[in-house]
Amino acid sequence: MFATVRRVCLGLAAALAAAAFAQAAPRDAAGEATQQRVLVMLRLPPEHLRPNTEYGGAYGDGMDSGARRRVAVRLARAHGLTVVDDWPMPLVGVDCFVLAVPAGRSAAALATSLSAEPSVAWSEPMNLYTGQATHNDPLYLAQPAAREWRLADLHKVATGRNVRVAVIDSRVESNHPDLAGQVAINQNFVADRSSAPEQHGTAVAGIIAAKADNDLGIAGVAPAARLMALRACWQAEASATLCDSLSLAKAMNFAITHSAQVINLSLSGPPDILLGKLVDVAERRRIAVVGAFDRRLPGGGFPASHPGVVAVADETRGETPAGVFAAPGRDVPTTLPGARWGLVDGASFAAAHVSGLLALTQEHGRFQGGRLSLISLRPADGGAAPCVRRDSAIVSR
Amino acid sequence: MPPRRFGARLAAVAALGLVSQARAQVGVSISADTDERFRGVSVSDGQPVVSLNLAYDHPSGFYGGVSATAVVTRHAGWELQGDVVYAGYAGRAGGQTSWDVGVSNSSISVWPDSAYRYNYTEVYAGLARGGLSAHVYYSPRYLGGGAPTFYGELNGVWRPARRWRLTGHAGVLTALGAGELTYYGRTQFDARLGVAREFGRCEVHLAWTTTSAAPYFPPGYRQSRNALVLGAAYNF
């Protein structure tokens, strides 16, 4: 069964769930597959005099290095490898030879068998070390997801490319510098209200899909996703956003008929039959519906309480109930109307994080049936790599 | 010098190398130089020489080798000029310092009259660290001349770039008693500065060598105090 504390911790595993394409060989920044190499260390004898030849010092003279090279070539031939390079290292008393490993063979296994050779001090596979990924967006480091979810590392695997995420919310400032080009569809289902950009919708849209690496603002969780800004809510006063059943139903209907893959409903209210039926239709079409869990309402309010909806609560507000996911929802930097950025709090914005995450996992195709659920492996310490689980089968670590 | 004796020594060292091939390192090289200057003295009468060198290193620290030289004479073709056989033991003295002790036996033929054959043995000990080493040698009958001699030297190597090598050497030779060649009675100094460039398995080197006084030995040789020696070597 599910763990009692749901924590949506982003890690590489979430994206790996969608990445059915496992990379066979490590790839460097240019995307080139790098050939495996193995290092073979041959002992450097202590420096000594060799009468009738010039003093060579710790590196020895040409005869010494020639002798070692012959040993390395003999070892390489015996194991079907080729000598690529060598570098003497007197500080550790070895001459290091680099041997190329043909594709399909294990560098680790070769290193073990080479280490057993009498003339070899030791052998090890050549390891790759990656630098810590980051985004150049100035506010990136202030984003909780950057740290907790290691967003930049995640983006190496998936960015939610072309995944359609419907933001059913108040008006999104689609020409915001950090959102320009991210909004594919803009619809207004609230007839008699001002259509000026509003805070809530803009903030939610930014969390989901703000442009990454544009030297501005923040990096969205799914910076390559395509937003459907469906305005079904309006800003009533400074910090209150309201929506009604009909506008929401129109927006839901639009989202479903226009092939949204994720629908973000960062709102809560009483259960509604019409909206409930529309959510069911969406789920039957394998659209992920994400709702904000309102702790003040029974069951978290609607749509969070509706079966099949991914309910998300603010992780900083204490224990989340069983079946509810926790995501960053406090002091989240995001886009705000007027080409600004600011901090927001609330389960609405936690839900936006999860919508972005689901967009990442859908980058490489919809889930093939089964209900979607996200569980954590190590709920206690946070930051654990999650896995995406379909029904009872674990899809990935 | 009797080729047979040289051949026997060569075979012994080579055999040792082959037997312990699995763990030991055996180096072979061939080199050619415009002059063979040994401690500042030309032992080839200013004529070019070709040498074959075999070196053996065992992981235990034991090492040995043999080197044979032929003179490319001006008028008489190639002549075997001499050989050196040596064996020693090297160890690490903690950190980057290493020490070695050894013994070498050298034979030199004085061209053109091979009746003048000098054979002498030297024992040596030294320390090395980084690119510097210091050694002391003692020979009871240096160059067969009957005088026990002491030779001390300091060697340095610096690699400013991969494949480049700069070397320096300074040595002092002192006769410790009277003997046939006591013109060595006074202390003699010799120095050498060299540069070498590696090309894969080949290398080319140029060195300037000098001594403090025009050497007397070998008798009849045209000697100069200073010399520029050009050479090349190939490592198998």
# chains A, B, ... in the order shown; residues from 1 in each chain; ligands from 1
$ interface_residues --of "chain B" --to "chain A" --cutoff "7 Å" --atoms "only C-alpha atoms" --output "short mmCIF file (atom, residue, chain, number, x, y, z; two decimals) with N, CA and C atoms, in the first residue's frame"
data_model
loop_
_atom_site.label_atom_id
_atom_site.label_comp_id
_atom_site.auth_asym_id
_atom_site.auth_seq_id
_atom_site.Cartn_x
_atom_site.Cartn_y
_atom_site.Cartn_z
N ALA B 22 57.62 -11.88 -17.18
CA ALA B 22 56.28 -11.58 -16.68
C ALA B 22 56.28 -10.40 -15.72
N ARG B 23 57.25 -10.33 -14.86
CA ARG B 23 57.20 -9.29 -13.86
C ARG B 23 58.22 -8.19 -14.12
N GLN B 25 60.87 -5.63 -16.15
CA GLN B 25 60.82 -4.78 -17.32
C GLN B 25 62.17 -4.85 -18.00
N VAL B 26 62.14 -5.17 -19.26
CA VAL B 26 63.39 -5.26 -20.02
C VAL B 26 63.38 -4.18 -21.08
N GLY B 27 64.40 -3.39 -21.10
CA GLY B 27 64.49 -2.33 -22.09
C GLY B 27 65.65 -2.59 -23.02
N VAL B 28 65.44 -2.28 -24.28
CA VAL B 28 66.50 -2.43 -25.28
C VAL B 28 66.56 -1.14 -26.06
N SER B 29 67.75 -0.65 -26.28
CA SER B 29 67.85 0.55 -27.11
C SER B 29 69.16 0.51 -27.89
N PRO B 59 60.84 -5.87 -10.17
CA PRO B 59 60.06 -5.12 -9.18
C PRO B 59 60.66 -5.14 -7.78
N GLY B 61 63.50 -4.44 -7.01
CA GLY B 61 64.48 -3.37 -6.90
C GLY B 61 65.80 -3.73 -7.54
N ALA B 90 67.98 -1.02 -6.15
CA ALA B 90 67.42 0.29 -5.85
C ALA B 90 66.24 0.13 -4.91
N GLY B 91 66.10 1.09 -4.05
CA GLY B 91 64.97 1.05 -3.13
C GLY B 91 64.45 2.45 -2.88
N ARG B 92 63.34 2.51 -2.19
CA ARG B 92 62.77 3.82 -1.89
C ARG B 92 63.07 4.15 -0.44
N GLN B 96 59.57 10.62 -1.87
CA GLN B 96 59.97 10.54 -3.27
C GLN B 96 61.44 10.24 -3.42
N SER B 98 64.79 7.97 -3.51
CA SER B 98 65.19 6.59 -3.71
C SER B 98 66.70 6.51 -3.66
N TRP B 99 67.19 5.32 -3.37
CA TRP B 99 68.62 5.10 -3.29
C TRP B 99 68.97 3.91 -4.16
N ASP B 100 70.24 3.84 -4.54
CA ASP B 100 70.67 2.64 -5.25
C ASP B 100 72.15 2.38 -4.99
N ALA B 128 68.56 9.63 -5.03
CA ALA B 128 67.87 10.39 -6.07
C ALA B 128 66.54 10.88 -5.53
N GLY B 130 63.22 13.47 -7.03
CA GLY B 130 62.74 14.39 -8.05
C GLY B 130 63.63 14.29 -9.26
N GLY B 131 64.14 15.36 -9.75
CA GLY B 131 64.99 15.31 -10.93
C GLY B 131 66.47 15.34 -10.61
N LEU B 132 66.82 15.19 -9.34
CA LEU B 132 68.23 15.28 -8.97
C LEU B 132 68.75 13.96 -8.42
N ASN B 155 73.63 14.79 -10.89
CA ASN B 155 72.90 14.79 -12.15
C ASN B 155 71.53 15.40 -11.94
N VAL B 157 67.74 16.35 -14.13
CA VAL B 157 66.96 16.31 -15.36
C VAL B 157 65.70 17.15 -15.14
N ASN B 235 64.43 3.35 -28.89
CA ASN B 235 64.06 2.40 -27.84
C ASN B 235 63.08 1.39 -28.39
N PHE B 236 63.41 0.15 -28.25
CA PHE B 236 62.54 -0.90 -28.79
C PHE B 236 61.34 -1.12 -27.90
#
$ select_by_dssp --residues "range 106-312 of chain A" --states "helix (DSSP H, G or I)" --output "ChimeraX atom specification"
/A:107-115,140-142,144-148,151-155,199-209,245-257,273-284,298-300
$ closest_residue --among "B:Ala55, B:Val136, B:Val229, B:Leu173" --to "Val204 in chain B" --atoms "only C-alpha atoms"
B:Val229
$ residues_around --residues "Phe254 in chain A" --least-positions-apart "6" --cutoff "10 Å" --atoms "only C-alpha atoms" --output "number ranges by chain"
A: 166, 187, 189, 228, 230, 248, 260
$ write_last_selection --atoms "N, CA and C atoms" --output "PDB file, in the first residue's frame"
ATOM      1  N   ALA A 166      -2.701  21.930 -19.398  1.00  0.00           N
ATOM      2  CA  ALA A 166      -3.785  22.905 -19.310  1.00  0.00           C
ATOM      3  C   ALA A 166      -3.764  23.531 -17.927  1.00  0.00           C
ATOM      4  N   GLN A 187      -7.363  30.947 -23.720  1.00  0.00           N
ATOM      5  CA  GLN A 187      -8.823  31.008 -23.837  1.00  0.00           C
ATOM      6  C   GLN A 187      -9.413  31.642 -22.597  1.00  0.00           C
ATOM      7  N   PHE A 189     -12.823  31.842 -20.406  1.00  0.00           N
ATOM      8  CA  PHE A 189     -14.170  31.310 -20.202  1.00  0.00           C
ATOM      9  C   PHE A 189     -14.956  32.123 -19.192  1.00  0.00           C
ATOM     10  N   MET A 228      -1.623  25.488 -21.993  1.00  0.00           N
ATOM     11  CA  MET A 228      -2.942  25.905 -22.471  1.00  0.00           C
ATOM     12  C   MET A 228      -3.492  26.768 -21.344  1.00  0.00           C
ATOM     13  N   LEU A 230      -6.116  28.422 -19.788  1.00  0.00           N
ATOM     14  CA  LEU A 230      -7.588  28.431 -19.884  1.00  0.00           C
ATOM     15  C   LEU A 230      -8.122  29.227 -18.711  1.00  0.00           C
ATOM     16  N   LEU A 248     -15.436  26.607 -15.035  1.00  0.00           N
ATOM     17  CA  LEU A 248     -14.508  25.478 -14.908  1.00  0.00           C
ATOM     18  C   LEU A 248     -14.911  24.348 -15.846  1.00  0.00           C
ATOM     19  N   ALA A 260      -5.252  17.941 -24.032  1.00  0.00           N
ATOM     20  CA  ALA A 260      -4.323  18.239 -22.930  1.00  0.00           C
ATOM     21  C   ALA A 260      -3.810  16.906 -22.387  1.00  0.00           C
TER      22      ALA A 260
END
$ atom_distance --atom1 "CA of His258 in chain A" --atom2 "CA of Lys156 in chain A"
28.6 Å
$ closest_residue --among "A:Gly356, A:Pro144, A:Pro88, A:Gly80" --to "Arg105 in chain A" --atoms "only C-alpha atoms"
A:Gly80
$ residues_around --residues "range 31-41 of chain B" --least-positions-apart "6" --cutoff "10 Å" --atoms "only C-alpha atoms" --output "number ranges by chain"
A: 52-53; B: 47-53, 69-72, 151, 153, 169-173, 188-192, 202-206, 208-218, 221, 223-235
$ select_by_dssp --residues "range 162-249 of chain A" --states "strand (DSSP E)" --output "NGL selection string"
:A and (164-169 or 183-188 or 226-231 or 233-237 or 240-243)
$ atom_distance --atom1 "CA of Ala236 in chain A" --atom2 "CA of Leu267 in chain A"
13.9 Å
$ decode --residues "range 180-216 of chain A" --atoms "C-alpha atoms" --output "PDB file, in the first residue's frame"
ATOM      1  CA  ALA A 180       6.700  34.408 -23.783  1.00  0.00           C
ATOM      2  CA  GLY A 181       6.383  31.583 -26.256  1.00  0.00           C
ATOM      3  CA  GLN A 182       5.361  29.030 -23.642  1.00  0.00           C
ATOM      4  CA  VAL A 183       1.615  29.530 -23.946  1.00  0.00           C
ATOM      5  CA  ALA A 184       0.226  27.695 -26.948  1.00  0.00           C
ATOM      6  CA  ILE A 185      -3.419  28.387 -26.346  1.00  0.00           C
ATOM      7  CA  ASN A 186      -5.105  31.256 -24.579  1.00  0.00           C
ATOM      8  CA  GLN A 187      -8.823  31.008 -23.837  1.00  0.00           C
ATOM      9  CA  ASN A 188     -11.111  33.002 -21.661  1.00  0.00           C
ATOM     10  CA  PHE A 189     -14.170  31.310 -20.202  1.00  0.00           C
ATOM     11  CA  VAL A 190     -15.090  34.133 -17.906  1.00  0.00           C
ATOM     12  CA  ALA A 191     -17.187  36.504 -19.924  1.00  0.00           C
ATOM     13  CA  ASP A 192     -17.814  39.571 -17.887  1.00  0.00           C
ATOM     14  CA  ARG A 193     -14.494  40.134 -16.214  1.00  0.00           C
ATOM     15  CA  SER A 194     -11.420  42.127 -17.055  1.00  0.00           C
ATOM     16  CA  SER A 195      -8.975  40.132 -19.090  1.00  0.00           C
ATOM     17  CA  ALA A 196      -5.887  41.709 -17.590  1.00  0.00           C
ATOM     18  CA  PRO A 197      -3.270  39.245 -16.457  1.00  0.00           C
ATOM     19  CA  GLU A 198      -3.878  37.970 -12.978  1.00  0.00           C
ATOM     20  CA  GLN A 199      -1.644  36.826 -10.209  1.00  0.00           C
ATOM     21  CA  HIS A 200      -2.707  33.266  -9.507  1.00  0.00           C
ATOM     22  CA  GLY A 201      -2.743  31.974 -13.052  1.00  0.00           C
ATOM     23  CA  THR A 202       0.491  33.692 -13.962  1.00  0.00           C
ATOM     24  CA  ALA A 203       2.174  32.254 -10.909  1.00  0.00           C
ATOM     25  CA  VAL A 204       0.955  28.724 -11.613  1.00  0.00           C
ATOM     26  CA  ALA A 205       1.951  28.948 -15.274  1.00  0.00           C
ATOM     27  CA  GLY A 206       5.429  30.138 -14.329  1.00  0.00           C
ATOM     28  CA  ILE A 207       6.013  27.284 -11.916  1.00  0.00           C
ATOM     29  CA  ILE A 208       5.024  24.773 -14.541  1.00  0.00           C
ATOM     30  CA  ALA A 209       6.690  26.110 -17.648  1.00  0.00           C
ATOM     31  CA  ALA A 210       8.750  29.269 -17.187  1.00  0.00           C
ATOM     32  CA  LYS A 211      11.586  29.329 -19.681  1.00  0.00           C
ATOM     33  CA  ALA A 212      14.814  27.883 -18.416  1.00  0.00           C
ATOM     34  CA  ASP A 213      18.292  29.183 -19.149  1.00  0.00           C
ATOM     35  CA  ASN A 214      17.069  32.469 -20.522  1.00  0.00           C
ATOM     36  CA  ASP A 215      19.051  34.427 -17.930  1.00  0.00           C
ATOM     37  CA  LEU A 216      15.779  35.649 -16.503  1.00  0.00           C
TER      38      LEU A 216
END
